[in-house]
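Below is run30.txt, which holds compact mmCIF, C-alpha atoms and all ligand atoms.
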```txt
# COMPACT_ATOMS: atom_id res chain seq x y z
CA MET A 1 -3.59 -2.80 16.08
CA LEU A 2 -3.24 -6.53 15.39
CA THR A 3 -6.96 -7.19 15.47
CA GLY A 4 -7.84 -10.11 13.21
CA LYS A 5 -4.27 -10.49 11.92
CA LYS A 6 -3.54 -14.16 11.28
CA ILE A 7 -0.14 -15.05 12.65
CA THR A 8 1.43 -18.49 12.39
CA LEU A 9 4.09 -19.08 15.01
CA GLY A 10 6.69 -21.77 14.38
CA ILE A 11 8.44 -22.83 17.55
CA ALA A 12 11.72 -24.74 17.24
CA GLY A 13 13.58 -26.53 20.01
CA GLY A 14 15.63 -24.27 22.25
CA ILE A 15 15.71 -23.24 25.88
CA ALA A 16 14.10 -19.89 24.94
CA VAL A 17 10.78 -21.66 24.13
CA TYR A 18 9.44 -20.70 27.56
CA LYS A 19 9.69 -17.02 26.59
CA VAL A 20 7.40 -17.57 23.61
CA ALA A 21 4.43 -17.96 25.97
CA GLU A 22 4.80 -14.27 26.87
CA LEU A 23 4.97 -13.35 23.19
CA VAL A 24 1.85 -15.38 22.36
CA SER A 25 -0.01 -13.83 25.26
CA GLY A 26 0.98 -10.34 24.04
CA LEU A 27 -0.18 -11.13 20.48
CA ILE A 28 -3.53 -12.44 21.71
CA LYS A 29 -4.05 -9.34 23.89
CA LYS A 30 -3.51 -7.20 20.80
CA GLY A 31 -6.23 -9.12 18.95
CA ALA A 32 -4.14 -11.39 16.71
CA VAL A 33 -5.36 -14.87 15.74
CA VAL A 34 -2.40 -17.11 16.51
CA LYS A 35 -1.83 -20.68 15.32
CA VAL A 36 1.19 -22.52 16.69
CA ILE A 37 3.38 -25.19 15.11
CA MET A 38 5.90 -26.91 17.40
CA THR A 39 8.82 -29.10 16.38
CA GLU A 40 9.56 -32.25 18.28
CA GLY A 41 12.48 -30.49 19.99
CA ALA A 42 10.29 -27.58 21.08
CA GLN A 43 7.86 -29.96 22.79
CA LYS A 44 10.70 -31.28 24.96
CA PHE A 45 10.97 -27.82 26.56
CA VAL A 46 7.29 -26.80 26.85
CA GLN A 47 4.10 -28.82 26.42
CA PRO A 48 1.82 -27.91 23.46
CA LEU A 49 -0.96 -27.55 26.04
CA THR A 50 0.54 -24.21 27.17
CA PHE A 51 0.15 -22.74 23.69
CA SER A 52 -3.25 -24.26 22.98
CA ALA A 53 -4.50 -22.74 26.26
CA LEU A 54 -3.06 -19.33 25.35
CA THR A 55 -4.25 -19.28 21.72
CA GLY A 56 -7.53 -21.17 22.12
CA HIS A 57 -6.50 -23.40 19.19
CA ASP A 58 -4.98 -26.84 18.92
CA VAL A 59 -1.23 -26.84 18.41
CA TYR A 60 0.16 -28.41 15.22
CA THR A 61 2.97 -30.89 15.80
CA ASP A 62 2.78 -33.60 13.17
CA THR A 63 2.61 -33.42 9.37
CA PHE A 64 0.44 -36.54 9.17
CA ASN A 65 -1.64 -36.25 12.30
CA SER A 66 -2.62 -32.63 12.85
CA PRO A 67 -5.93 -31.00 13.80
CA ARG A 68 -7.63 -29.61 10.72
CA SER A 69 -10.97 -28.88 9.18
CA GLY A 70 -10.47 -30.46 5.76
CA GLY A 71 -7.73 -29.66 3.25
CA VAL A 72 -4.02 -30.31 3.51
CA THR A 73 -2.61 -29.13 6.85
CA HIS A 74 0.71 -27.66 5.73
CA ILE A 75 -0.83 -25.84 2.76
CA GLU A 76 -3.71 -24.52 4.87
CA LEU A 77 -1.37 -23.28 7.60
CA ALA A 78 0.99 -21.72 5.10
CA GLN A 79 -1.65 -19.91 3.15
CA ARG A 80 -3.93 -18.72 5.91
CA ALA A 81 -1.31 -16.51 7.54
CA ASP A 82 -0.69 -12.78 7.22
CA LEU A 83 2.66 -13.29 8.91
CA PHE A 84 4.85 -16.22 9.87
CA VAL A 85 7.17 -15.93 12.87
CA VAL A 86 9.79 -18.55 13.71
CA VAL A 87 10.70 -18.17 17.37
CA PRO A 88 13.10 -19.31 18.69
CA ALA A 89 14.80 -20.21 15.42
CA THR A 90 17.56 -22.75 15.86
CA ALA A 91 20.55 -23.17 13.54
CA ASN A 92 18.78 -26.33 12.34
CA ILE A 93 15.53 -24.70 11.18
CA ILE A 94 17.45 -21.77 9.64
CA GLY A 95 19.63 -24.26 7.76
CA LYS A 96 16.61 -26.23 6.57
CA VAL A 97 14.79 -23.17 5.24
CA ALA A 98 17.96 -21.91 3.55
CA SER A 99 18.41 -25.29 1.88
CA GLY A 100 14.78 -25.90 0.96
CA ILE A 101 14.48 -28.95 3.22
CA ALA A 102 10.97 -29.96 4.32
CA ASP A 103 11.28 -32.96 6.63
CA ASP A 104 8.86 -32.03 9.44
CA LEU A 105 5.71 -29.93 9.74
CA LEU A 106 7.42 -26.61 10.55
CA SER A 107 9.97 -26.77 7.72
CA THR A 108 7.27 -27.98 5.31
CA VAL A 109 4.87 -25.15 6.16
CA LEU A 110 7.71 -22.62 5.95
CA LEU A 111 8.54 -23.83 2.46
CA ALA A 112 4.91 -23.43 1.41
CA ALA A 113 4.44 -20.00 3.02
CA ASP A 114 3.80 -17.06 0.74
CA CYS A 115 3.48 -14.41 3.46
CA PRO A 116 6.35 -12.43 5.07
CA VAL A 117 8.47 -14.53 7.42
CA ILE A 118 10.23 -13.21 10.52
CA ILE A 119 13.01 -15.34 12.02
CA CYS A 120 14.18 -14.84 15.62
CA PRO A 121 17.44 -16.78 16.02
CA ALA A 122 18.52 -18.20 19.37
CA MET A 123 21.55 -20.41 19.77
CA ASN A 124 24.99 -20.77 21.28
CA THR A 125 27.38 -17.95 20.29
CA VAL A 126 29.87 -20.23 18.53
CA MET A 127 27.05 -21.85 16.55
CA TYR A 128 25.69 -18.42 15.63
CA LYS A 129 29.11 -17.25 14.45
CA ASN A 130 29.73 -20.42 12.46
CA PRO A 131 30.26 -19.30 8.84
CA VAL A 132 27.74 -21.88 7.63
CA VAL A 133 25.02 -20.42 9.86
CA GLN A 134 26.04 -16.89 8.85
CA GLN A 135 25.87 -17.86 5.18
CA ASN A 136 22.40 -19.34 5.69
CA ILE A 137 21.22 -16.16 7.42
CA ALA A 138 22.73 -13.96 4.70
CA LYS A 139 21.06 -16.11 2.03
CA LEU A 140 17.65 -15.83 3.70
CA GLN A 141 18.05 -12.07 4.22
CA GLN A 142 18.90 -11.74 0.57
CA LEU A 143 15.70 -13.64 -0.24
CA GLY A 144 13.65 -11.18 1.84
CA TYR A 145 13.26 -13.06 5.15
CA HIS A 146 13.22 -10.70 8.12
CA PHE A 147 15.42 -11.27 11.16
CA ILE A 148 15.03 -9.99 14.71
CA GLY A 149 18.14 -10.36 16.85
CA PRO A 150 19.78 -12.31 18.26
CA ASN A 151 20.74 -10.16 21.22
CA CYS A 152 23.97 -10.26 23.14
CA GLY A 153 24.14 -11.43 26.69
CA ARG A 154 24.50 -14.43 28.95
CA LEU A 155 23.29 -17.64 27.33
CA ALA A 156 21.84 -20.73 28.94
CA CYS A 157 25.06 -22.62 28.17
CA GLY A 158 26.98 -20.18 30.37
CA THR A 159 28.74 -18.28 27.57
CA GLU A 160 28.37 -14.59 26.86
CA GLY A 161 27.87 -13.10 23.38
CA PRO A 162 25.39 -12.91 20.50
CA GLY A 163 22.84 -15.74 20.38
CA ARG A 164 20.22 -14.75 22.94
CA MET A 165 16.67 -14.67 21.58
CA SER A 166 15.28 -11.12 21.37
CA GLU A 167 12.98 -10.30 24.26
CA PRO A 168 9.24 -11.01 23.70
CA GLY A 169 8.49 -7.26 24.05
CA GLU A 170 10.96 -6.40 21.28
CA ILE A 171 9.51 -9.06 18.97
CA LEU A 172 5.97 -7.92 19.72
CA LYS A 173 6.90 -4.32 18.92
CA TYR A 174 8.47 -5.40 15.64
CA ILE A 175 5.41 -7.48 14.68
CA ALA A 176 3.07 -4.60 15.53
CA GLY A 177 5.26 -2.29 13.43
CA PHE A 178 5.02 -4.74 10.56
CA PHE A 179 1.31 -4.01 10.08
CA GLN A 180 1.70 -0.25 10.35
CA PRO A 181 2.92 2.01 7.59
CA GLY A 182 6.61 2.62 8.41
CA ASP A 183 7.56 5.88 10.08
CA LEU A 184 10.03 6.47 7.24
CA GLN A 185 7.49 5.64 4.52
CA GLY A 186 8.63 7.12 1.21
CA VAL A 187 11.60 9.02 2.71
CA ASN A 188 14.67 8.99 0.42
CA ILE A 189 17.65 7.89 2.49
CA LEU A 190 21.21 7.79 1.23
CA VAL A 191 23.54 5.58 3.30
CA SER A 192 27.29 5.06 2.90
CA ALA A 193 28.91 1.91 4.24
CA GLY A 194 32.12 -0.08 4.33
CA PRO A 195 35.73 0.91 3.79
CA THR A 196 37.40 2.57 0.84
CA ARG A 197 40.40 1.14 -0.97
CA GLU A 198 43.16 3.48 -2.03
CA PRO A 199 45.38 1.85 -4.67
CA VAL A 200 49.16 1.87 -4.32
CA ASP A 201 49.92 -0.16 -7.44
CA PRO A 202 47.91 -2.69 -9.52
CA VAL A 203 47.99 -5.31 -6.73
CA ARG A 204 48.09 -3.31 -3.47
CA PHE A 205 45.86 -0.88 -1.71
CA ILE A 206 45.43 0.92 1.62
CA THR A 207 42.18 0.23 3.45
CA ASN A 208 40.74 -0.21 6.96
CA ARG A 209 38.85 -2.82 8.98
CA SER A 210 35.28 -1.73 8.18
CA SER A 211 33.09 -4.72 7.28
CA GLY A 212 30.07 -2.65 6.23
CA LYS A 213 27.87 -4.31 8.89
CA MET A 214 26.87 -1.03 10.53
CA GLY A 215 25.91 0.68 7.28
CA TYR A 216 24.14 -2.37 5.86
CA SER A 217 22.13 -2.67 9.11
CA ILE A 218 21.05 0.96 8.75
CA ALA A 219 20.04 0.36 5.13
CA LYS A 220 18.07 -2.74 6.07
CA VAL A 221 16.22 -1.20 8.99
CA ALA A 222 15.46 1.99 7.02
CA LEU A 223 14.00 -0.18 4.27
CA GLN A 224 11.87 -2.08 6.79
CA ARG A 225 10.58 1.23 8.10
CA GLY A 226 9.41 2.19 4.62
CA ALA A 227 12.27 4.33 3.30
CA ASN A 228 13.59 4.33 -0.26
CA VAL A 229 17.21 3.44 0.36
CA THR A 230 20.27 4.04 -1.77
CA LEU A 231 23.39 2.38 -0.40
CA VAL A 232 26.80 3.59 -1.53
CA SER A 233 29.14 0.84 -0.48
CA GLY A 234 32.86 0.25 -0.44
CA PRO A 235 34.09 -3.32 -1.00
CA VAL A 236 32.50 -5.67 1.57
CA ASN A 237 31.52 -9.33 1.86
CA LEU A 238 27.84 -8.66 2.54
CA SER A 239 24.75 -9.11 0.43
CA PRO A 240 22.72 -5.92 0.11
CA PRO A 241 19.26 -6.05 1.69
CA ALA A 242 16.69 -6.94 -0.98
CA GLY A 243 15.09 -3.71 -2.19
CA VAL A 244 17.94 -1.21 -1.79
CA GLU A 245 19.59 0.53 -4.69
CA LEU A 246 23.25 -0.49 -4.40
CA ILE A 247 26.05 1.68 -5.77
CA LYS A 248 29.42 -0.06 -5.49
CA VAL A 249 32.54 2.10 -5.15
CA GLU A 250 36.16 1.44 -4.26
CA THR A 251 38.00 4.69 -3.59
CA ALA A 252 37.15 7.75 -1.50
CA GLN A 253 37.03 9.81 -4.68
CA GLN A 254 34.47 7.42 -6.21
CA MET A 255 32.43 7.57 -3.00
CA HIS A 256 32.67 11.36 -3.11
CA THR A 257 31.25 11.44 -6.65
CA ALA A 258 28.52 8.88 -5.88
CA MET A 259 27.34 10.72 -2.76
CA LEU A 260 27.34 14.16 -4.35
CA GLU A 261 25.44 12.94 -7.43
CA ARG A 262 22.65 11.64 -5.18
CA TYR A 263 22.68 14.36 -2.53
CA ASP A 264 19.94 16.61 -3.95
CA ALA A 265 17.44 13.75 -4.15
CA ALA A 266 18.14 12.64 -0.57
CA GLU A 267 16.11 13.77 2.42
CA VAL A 268 18.33 11.96 4.90
CA VAL A 269 22.01 11.09 4.52
CA ILE A 270 23.78 8.71 6.91
CA LYS A 271 27.56 8.43 6.48
CA SER A 272 28.68 5.35 8.30
CA ALA A 273 31.45 4.52 5.81
CA ALA A 274 35.04 4.49 6.99
CA VAL A 275 36.60 6.68 4.33
CA ALA A 276 40.38 6.84 3.95
CA ASP A 277 41.56 10.33 4.90
CA TYR A 278 44.62 10.02 2.62
CA ARG A 279 45.50 8.22 -0.61
CA PRO A 280 48.86 7.57 -2.24
CA LEU A 281 49.95 10.62 -4.22
CA GLN A 282 50.95 8.43 -7.11
CA VAL A 283 49.57 5.06 -8.14
CA ALA A 284 52.29 2.97 -9.78
CA ASP A 285 51.12 1.48 -13.06
CA LYS A 286 53.26 -1.62 -12.49
CA LYS A 287 53.73 -3.69 -9.33
CA ILE A 288 56.30 -1.95 -7.07
CA LYS A 289 59.35 -4.20 -6.83
CA LYS A 290 61.20 -4.96 -3.63
CA THR A 291 64.53 -3.10 -3.90
CA ALA A 292 65.55 -0.66 -1.15
CA ASP A 293 65.31 -1.56 2.58
CA ASP A 294 62.66 1.03 3.17
CA LEU A 295 59.95 2.59 1.10
CA THR A 296 58.26 5.93 1.59
CA LEU A 297 54.80 6.52 0.20
CA SER A 298 53.72 10.12 -0.26
CA MET A 299 50.07 10.55 0.62
CA VAL A 300 47.62 13.26 -0.36
CA LYS A 301 44.42 14.22 1.43
CA ASN A 302 41.12 12.79 0.19
CA PRO A 303 38.04 15.00 0.01
CA ASP A 304 36.19 15.09 3.32
CA ILE A 305 32.85 14.00 1.87
CA LEU A 306 30.85 14.57 5.03
CA ALA A 307 32.24 18.08 5.56
CA GLU A 308 31.38 18.93 1.95
CA LEU A 309 27.83 17.57 2.33
CA GLY A 310 27.54 19.71 5.48
CA GLN A 311 28.53 22.82 3.52
CA LEU A 312 26.11 22.06 0.68
CA LYS A 313 23.26 21.11 3.03
CA LYS A 314 19.82 22.51 2.13
CA HIS A 315 16.81 20.39 3.05
CA GLN A 316 18.70 17.25 4.15
CA ILE A 317 19.02 15.73 7.61
CA LEU A 318 22.72 14.92 7.79
CA VAL A 319 23.99 12.16 10.06
CA GLY A 320 27.71 11.52 10.45
CA PHE A 321 29.77 9.02 12.40
CA ALA A 322 32.94 9.49 14.41
CA ALA A 323 35.17 6.50 15.05
CA GLU A 324 37.39 7.41 17.97
CA THR A 325 39.73 5.58 20.32
CA ASN A 326 40.07 8.43 22.86
CA ASP A 327 38.50 11.78 23.88
CA LEU A 328 35.22 10.69 22.30
CA ASP A 329 33.11 13.48 23.73
CA THR A 330 35.47 16.27 22.61
CA TYR A 331 35.91 14.92 19.08
CA ALA A 332 32.20 14.11 18.74
CA ARG A 333 31.11 17.67 19.59
CA GLU A 334 33.82 19.09 17.35
CA LYS A 335 32.75 16.97 14.33
CA LEU A 336 29.05 17.67 14.92
CA HIS A 337 29.57 21.42 14.60
CA LYS A 338 32.50 21.57 12.19
CA LYS A 339 30.74 19.33 9.65
CA ASN A 340 27.33 21.00 10.13
CA LEU A 341 25.57 17.77 11.13
CA ASP A 342 22.12 17.22 12.62
CA LEU A 343 23.17 14.05 14.41
CA LEU A 344 26.54 12.51 15.11
CA VAL A 345 26.95 8.85 16.01
CA ALA A 346 30.04 8.68 18.19
CA ASN A 347 31.64 5.28 18.08
CA ASN A 348 34.14 4.33 20.75
CA VAL A 349 35.94 1.76 18.65
CA ALA A 350 38.28 0.86 21.52
CA SER A 351 35.39 -0.47 23.60
CA PRO A 352 34.98 -4.32 23.57
CA GLY A 353 32.33 -5.44 21.09
CA ALA A 354 32.22 -2.04 19.39
CA GLY A 355 33.26 -0.63 16.04
CA PHE A 356 34.94 -2.42 13.18
CA ASP A 357 34.08 -5.90 11.94
CA VAL A 358 31.86 -7.07 14.82
CA ASP A 359 28.10 -7.63 15.00
CA THR A 360 27.62 -5.28 17.93
CA ASN A 361 28.37 -1.65 18.66
CA VAL A 362 28.51 0.92 21.46
CA VAL A 363 27.56 4.43 20.39
CA SER A 364 26.44 7.78 21.73
CA LEU A 365 24.06 9.96 19.76
CA TYR A 366 24.97 13.67 19.75
CA TYR A 367 22.15 15.88 18.51
CA ARG A 368 22.65 19.38 17.11
CA HIS A 369 20.77 20.92 20.01
CA GLN A 370 23.08 19.65 22.75
CA GLN A 371 21.11 16.51 23.68
CA VAL A 372 23.26 13.37 24.06
CA GLU A 373 22.05 9.77 24.32
CA HIS A 374 24.53 7.11 25.49
CA LEU A 375 23.52 3.61 24.33
CA PRO A 376 24.75 0.30 25.80
CA LEU A 377 26.31 -2.58 23.83
CA MET A 378 23.76 -3.57 21.19
CA ASP A 379 23.39 -5.60 18.04
CA LYS A 380 24.14 -3.32 15.04
CA GLN A 381 20.52 -3.65 13.86
CA GLN A 382 19.31 -2.33 17.19
CA VAL A 383 21.81 0.53 16.95
CA ALA A 384 20.39 1.21 13.48
CA GLN A 385 16.86 1.31 14.96
CA ARG A 386 17.95 3.89 17.54
CA ILE A 387 19.74 6.06 14.94
CA LEU A 388 16.62 5.97 12.77
CA ASP A 389 14.42 6.80 15.78
CA GLY A 390 16.60 9.92 16.05
CA VAL A 391 16.16 10.66 12.34
CA VAL A 392 12.37 10.31 12.63
CA ALA A 393 12.39 12.79 15.54
CA LEU A 394 14.54 15.24 13.55
CA LEU A 395 12.22 14.97 10.52
CA ALA A 396 9.17 15.54 12.74
CA ALA A 397 10.80 18.58 14.39
CA ARG A 398 11.59 20.01 10.96
CA ARG A 399 8.00 19.43 9.80
CA ASP A 400 6.76 21.27 12.91
CA GLY A 401 9.13 24.15 12.19
CA LYS A 402 11.25 23.37 15.25
CA GLY A 403 14.27 21.95 13.47
O1 LIG B 1 31.64 -1.38 8.93
P1 LIG B 1 31.68 -1.99 10.33
O2 LIG B 1 32.68 -3.09 10.43
O3 LIG B 1 30.31 -2.39 10.77
O4 LIG B 1 32.20 -0.84 11.34
C1 LIG B 1 31.40 0.26 11.62
C2 LIG B 1 32.23 1.55 11.68
C3 LIG B 1 33.21 1.47 12.85
C4 LIG B 1 33.01 1.77 10.38
C5 LIG B 1 31.19 2.72 11.88
O5 LIG B 1 30.44 2.50 13.04
C6 LIG B 1 31.89 4.07 11.98
O6 LIG B 1 32.32 4.50 13.04
N1 LIG B 1 32.02 4.77 10.81
C7 LIG B 1 32.80 5.99 10.68
C8 LIG B 1 34.24 5.64 10.46
C9 LIG B 1 35.11 6.86 10.21
O7 LIG B 1 35.69 6.96 9.17
O8 LIG B 1 35.10 7.76 11.18
P2 LIG B 1 35.91 9.16 11.09
O9 LIG B 1 35.83 9.70 12.46
O10 LIG B 1 37.24 8.95 10.49
O11 LIG B 1 35.05 10.03 10.09
C10 LIG B 1 34.02 10.87 10.53
C11 LIG B 1 32.91 10.96 9.52
O12 LIG B 1 33.40 11.61 8.34
C12 LIG B 1 32.32 9.64 9.08
O13 LIG B 1 30.92 9.81 8.95
C13 LIG B 1 32.98 9.39 7.73
O14 LIG B 1 32.11 8.65 6.87
C14 LIG B 1 33.18 10.79 7.22
N2 LIG B 1 34.36 10.97 6.34
C15 LIG B 1 35.61 10.74 6.81
C16 LIG B 1 36.70 10.98 5.99
C17 LIG B 1 36.48 11.45 4.68
N3 LIG B 1 37.50 11.67 3.87
N4 LIG B 1 35.23 11.66 4.24
C18 LIG B 1 34.17 11.42 5.05
O15 LIG B 1 33.02 11.62 4.64
```

Give the structure from this file in C-alpha cells form.
Ligand code: PMT
Amino acid sequence: MLTGKKITLGIAGGIAVYKVAELVSGLIKKGAVVKVIMTEGAQKFVQPLTFSALTGHDVYTDTFNSPRSGGVTHIELAQRADLFVVVPATANIIGKVASGIADDLLSTVLLAADCPVIICPAMNTVMYKNPVVQQNIAKLQQLGYHFIGPNCGRLACGTEGPGRMSEPGEILKYIAGFFQPGDLQGVNILVSAGPTREPVDPVRFITNRSSGKMGYSIAKVALQRGANVTLVSGPVNLSPPAGVELIKVETAQQMHTAMLERYDAAEVVIKSAAVADYRPLQVADKKIKKTADDLTLSMVKNPDILAELGQLKKHQILVGFAAETNDLDTYAREKLHKKNLDLLVANNVASPGAGFDVDTNVVSLYYRHQQVEHLPLMDKQQVAQRILDGVVALLAARRDGKG
C-alpha cells in the first residue's frame, strides 16, 4: 500500500520521540522509503542510530554536515518526498513553520517542501491551548497543512488534557489513507456548523455557546476523505478548511434558506449547527433604551430546519445532532425518528470535555436501524472520523440496496 512511497519524517524534541520508532517500523513494513531528519532536541531523547537502523539510511541532523550524494541537502530532502510528516511536532517547530523561520535543518527543509505536510502536535496542555499556538495551527491549517491530533490523556508532565501525540497506529492509518482514494471521493456533503444569532435590536442578539469546532472538524475530515464539502456556518472565529465552499449566515432563517437551496445537490447532510429554536418576535430598529425595571421579549418559533430536511428527504443520507443535558437516550431516539434521520449524533453536553466550545466531545451514534455506538471522550476530529465512518457505511448499505 505504501510500497515505494518516499516519506520524509521530521522529528522534533519531545518525550514522545520514542514512539516514533514504532511508526517508522510500521512505515518500513508497509514498503515506504523513509528518510529521517532530527532536531537537536529530538536527539536528546533518542539517538539517531535507532532511526538509521530502522530505515537503513543515515539520519539527517545538521544543515551543513549531512549525508548526501551531491546536491544541496535541504533542497534534495524537500523535493524527493511524496509526503512530509512532522512527529512529534513541538510548539516551537509549529511556530517556526507558521512564521517562515528556517534556522535549522528541519525548519529549512519544511520551508522548501512542495509535497503535502502532516503535523502531529505533542506538547503540554497549557502550551497547546495558548492562543499563539492555536493561531499558528489555524494559520497552517488554512494554508493546507494536515494535522493529526493531539489526543487527550495523561501527559508526561503529569497533567491531563489535549497535547498527547496521536498513537503510532493512528498516524500510520492516516498516512496509508493519504495514498488511497478517499472513501468519500466525489460525494457532495453539506455541513452546518456554529451558532445562529437572532437580533433583538441593532446592537443585541440572542445566541448560544457553539464555537463551530465540531462542524468545522466534520468539514475538514470529509474534505480529507475526498468529499466535495459545502459548509453553512453561523458566526464563528474559525478559518474554514482550505477547499470547502463556505456559506456564511447569521440567523436561523438565513441558515434555513441556505440549507434548503443546497439540499437537492447534497448526497449527505450533517447538521451540527446549534440553531436557535426561537427568535424575538420583533426586532427593534433602534437600540432599546433602559427604562422599566423589567423587560419582556416575545419570541416566535424558528423553522426546524432538520425536521424539514427530514420531510423533504429523497436520496440524501441525513445526519442530525442532539445536544442534551439529561435523558439523552430517550431524546436521541425521539429525534432520530421524529426528524426522519439516518444517523443521530447524541451529544451529552453536560459531560466534562463534551459539547460547546471545547476541542473534545463525547457522543453516541444512533443509527436508524436500532444500532447504537457509544464513543469515549475524543478530539472533535476523531469524532468527525467516526461520524463519517458511519456515513460511509450508510452509503454502502444504500448502494447494496440494504439501506
Ligand atoms: O460548535 P461546538 O462548540 O464545537 O459545539 C458542538 C455542538 C455542541 C454545537 C454540537 O456537537 C451539537 O450538539 N450540535 C447540535 C446542537 C443543537 O442545536 O442541538 P438540538 O438538540 O437543539 O437540535 C437538534 C438538531 O436539530 C441539530 O442537528 C440542530 O442542528 C437541528 N435544529 C435545531 C433547531 C432548529 N430550529 N433547526 C434545526 O435544524

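Here atom CA of A:Gln134 and atom CA of A:Thr159 stand 19.0 Å from one another.
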
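Using only C-alpha atoms and all ligand atoms, the nearest neighbour of ligand LIG 1 (chain B) within the list A:Gly401, A:Pro352, A:Gly212, A:Pro48 is A:Gly212.
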
Using only C-alpha atoms and all ligand atoms, which residues of chain A come within 8 Å of ligand LIG 1 (chain B), and what is the closest atom pair for each, with the distance in Å to one decimal? Give it as JSON lines, sorted by chain and residue number.
```
{"residue": "A:Ser192", "atom": "CA", "partner": "B:LIG1", "partner_atom": "O14", "distance": 7.2}
{"residue": "A:Ala193", "atom": "CA", "partner": "B:LIG1", "partner_atom": "O1", "distance": 6.3}
{"residue": "A:Gly194", "atom": "CA", "partner": "B:LIG1", "partner_atom": "O1", "distance": 4.8}
{"residue": "A:Pro195", "atom": "CA", "partner": "B:LIG1", "partner_atom": "O1", "distance": 7.0}
{"residue": "A:Arg209", "atom": "CA", "partner": "B:LIG1", "partner_atom": "O2", "distance": 6.3}
{"residue": "A:Ser210", "atom": "CA", "partner": "B:LIG1", "partner_atom": "O2", "distance": 3.7}
{"residue": "A:Ser211", "atom": "CA", "partner": "B:LIG1", "partner_atom": "O2", "distance": 3.6}
{"residue": "A:Gly212", "atom": "CA", "partner": "B:LIG1", "partner_atom": "O1", "distance": 3.4}
{"residue": "A:Lys213", "atom": "CA", "partner": "B:LIG1", "partner_atom": "O3", "distance": 3.6}
{"residue": "A:Met214", "atom": "CA", "partner": "B:LIG1", "partner_atom": "O3", "distance": 3.7}
{"residue": "A:Gly215", "atom": "CA", "partner": "B:LIG1", "partner_atom": "O1", "distance": 6.3}
{"residue": "A:Tyr216", "atom": "CA", "partner": "B:LIG1", "partner_atom": "O3", "distance": 7.9}
{"residue": "A:Ala252", "atom": "CA", "partner": "B:LIG1", "partner_atom": "N3", "distance": 6.7}
{"residue": "A:His256", "atom": "CA", "partner": "B:LIG1", "partner_atom": "O15", "distance": 7.8}
{"residue": "A:Ile270", "atom": "CA", "partner": "B:LIG1", "partner_atom": "O13", "distance": 7.5}
{"residue": "A:Lys271", "atom": "CA", "partner": "B:LIG1", "partner_atom": "O13", "distance": 4.4}
{"residue": "A:Ser272", "atom": "CA", "partner": "B:LIG1", "partner_atom": "N1", "distance": 4.2}
{"residue": "A:Ala273", "atom": "CA", "partner": "B:LIG1", "partner_atom": "O14", "distance": 4.3}
{"residue": "A:Ala274", "atom": "CA", "partner": "B:LIG1", "partner_atom": "O7", "distance": 3.4}
{"residue": "A:Val275", "atom": "CA", "partner": "B:LIG1", "partner_atom": "C16", "distance": 4.6}
{"residue": "A:Ala276", "atom": "CA", "partner": "B:LIG1", "partner_atom": "N3", "distance": 5.6}
{"residue": "A:Asp277", "atom": "CA", "partner": "B:LIG1", "partner_atom": "N3", "distance": 4.4}
{"residue": "A:Tyr278", "atom": "CA", "partner": "B:LIG1", "partner_atom": "N3", "distance": 7.4}
{"residue": "A:Lys301", "atom": "CA", "partner": "B:LIG1", "partner_atom": "N3", "distance": 7.8}
{"residue": "A:Asn302", "atom": "CA", "partner": "B:LIG1", "partner_atom": "N3", "distance": 5.3}
{"residue": "A:Pro303", "atom": "CA", "partner": "B:LIG1", "partner_atom": "N3", "distance": 5.1}
{"residue": "A:Asp304", "atom": "CA", "partner": "B:LIG1", "partner_atom": "N4", "distance": 3.7}
{"residue": "A:Ile305", "atom": "CA", "partner": "B:LIG1", "partner_atom": "O15", "distance": 3.7}
{"residue": "A:Leu306", "atom": "CA", "partner": "B:LIG1", "partner_atom": "O15", "distance": 3.7}
{"residue": "A:Ala307", "atom": "CA", "partner": "B:LIG1", "partner_atom": "O15", "distance": 6.6}
{"residue": "A:Glu308", "atom": "CA", "partner": "B:LIG1", "partner_atom": "O15", "distance": 8.0}
{"residue": "A:Val319", "atom": "CA", "partner": "B:LIG1", "partner_atom": "O13", "distance": 7.4}
{"residue": "A:Gly320", "atom": "CA", "partner": "B:LIG1", "partner_atom": "O13", "distance": 3.9}
{"residue": "A:Phe321", "atom": "CA", "partner": "B:LIG1", "partner_atom": "O13", "distance": 3.7}
{"residue": "A:Ala322", "atom": "CA", "partner": "B:LIG1", "partner_atom": "O9", "distance": 3.5}
{"residue": "A:Ala323", "atom": "CA", "partner": "B:LIG1", "partner_atom": "O6", "distance": 4.0}
{"residue": "A:Glu324", "atom": "CA", "partner": "B:LIG1", "partner_atom": "O9", "distance": 6.2}
{"residue": "A:Lys335", "atom": "CA", "partner": "B:LIG1", "partner_atom": "C10", "distance": 7.3}
{"residue": "A:Val345", "atom": "CA", "partner": "B:LIG1", "partner_atom": "O6", "distance": 7.5}
{"residue": "A:Ala346", "atom": "CA", "partner": "B:LIG1", "partner_atom": "O6", "distance": 7.0}
{"residue": "A:Asn347", "atom": "CA", "partner": "B:LIG1", "partner_atom": "O6", "distance": 5.1}
{"residue": "A:Asn348", "atom": "CA", "partner": "B:LIG1", "partner_atom": "O6", "distance": 7.9}
{"residue": "A:Val349", "atom": "CA", "partner": "B:LIG1", "partner_atom": "C3", "distance": 6.4}
{"residue": "A:Ala354", "atom": "CA", "partner": "B:LIG1", "partner_atom": "C3", "distance": 7.5}
{"residue": "A:Gly355", "atom": "CA", "partner": "B:LIG1", "partner_atom": "C3", "distance": 3.8}
{"residue": "A:Phe356", "atom": "CA", "partner": "B:LIG1", "partner_atom": "O2", "distance": 3.6}
{"residue": "A:Asp357", "atom": "CA", "partner": "B:LIG1", "partner_atom": "O2", "distance": 3.5}
{"residue": "A:Val358", "atom": "CA", "partner": "B:LIG1", "partner_atom": "O2", "distance": 6.0}
{"residue": "A:Asp359", "atom": "CA", "partner": "B:LIG1", "partner_atom": "O3", "distance": 7.1}
{"residue": "A:Asn361", "atom": "CA", "partner": "B:LIG1", "partner_atom": "O5", "distance": 7.3}
{"residue": "A:Lys380", "atom": "CA", "partner": "B:LIG1", "partner_atom": "O3", "distance": 7.6}
```

### Message
Taking only C-alpha atoms into account, name the residue in A:Phe84, A:Asp400, A:Leu281, A:Leu341 that is nearest to A:Asp201.
### Response
A:Leu281

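Between atom CA of A:Ala78 and atom CA of A:Asp58 lies a distance of 15.9 Å.
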
### Query
What is the atom CA of A:Ile189-atom CA of A:Gln382 distance in Å, reported with one decimal?
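Result for atom CA of A:Ile189 versus atom CA of A:Gln382: 18.0 Å, one decimal.
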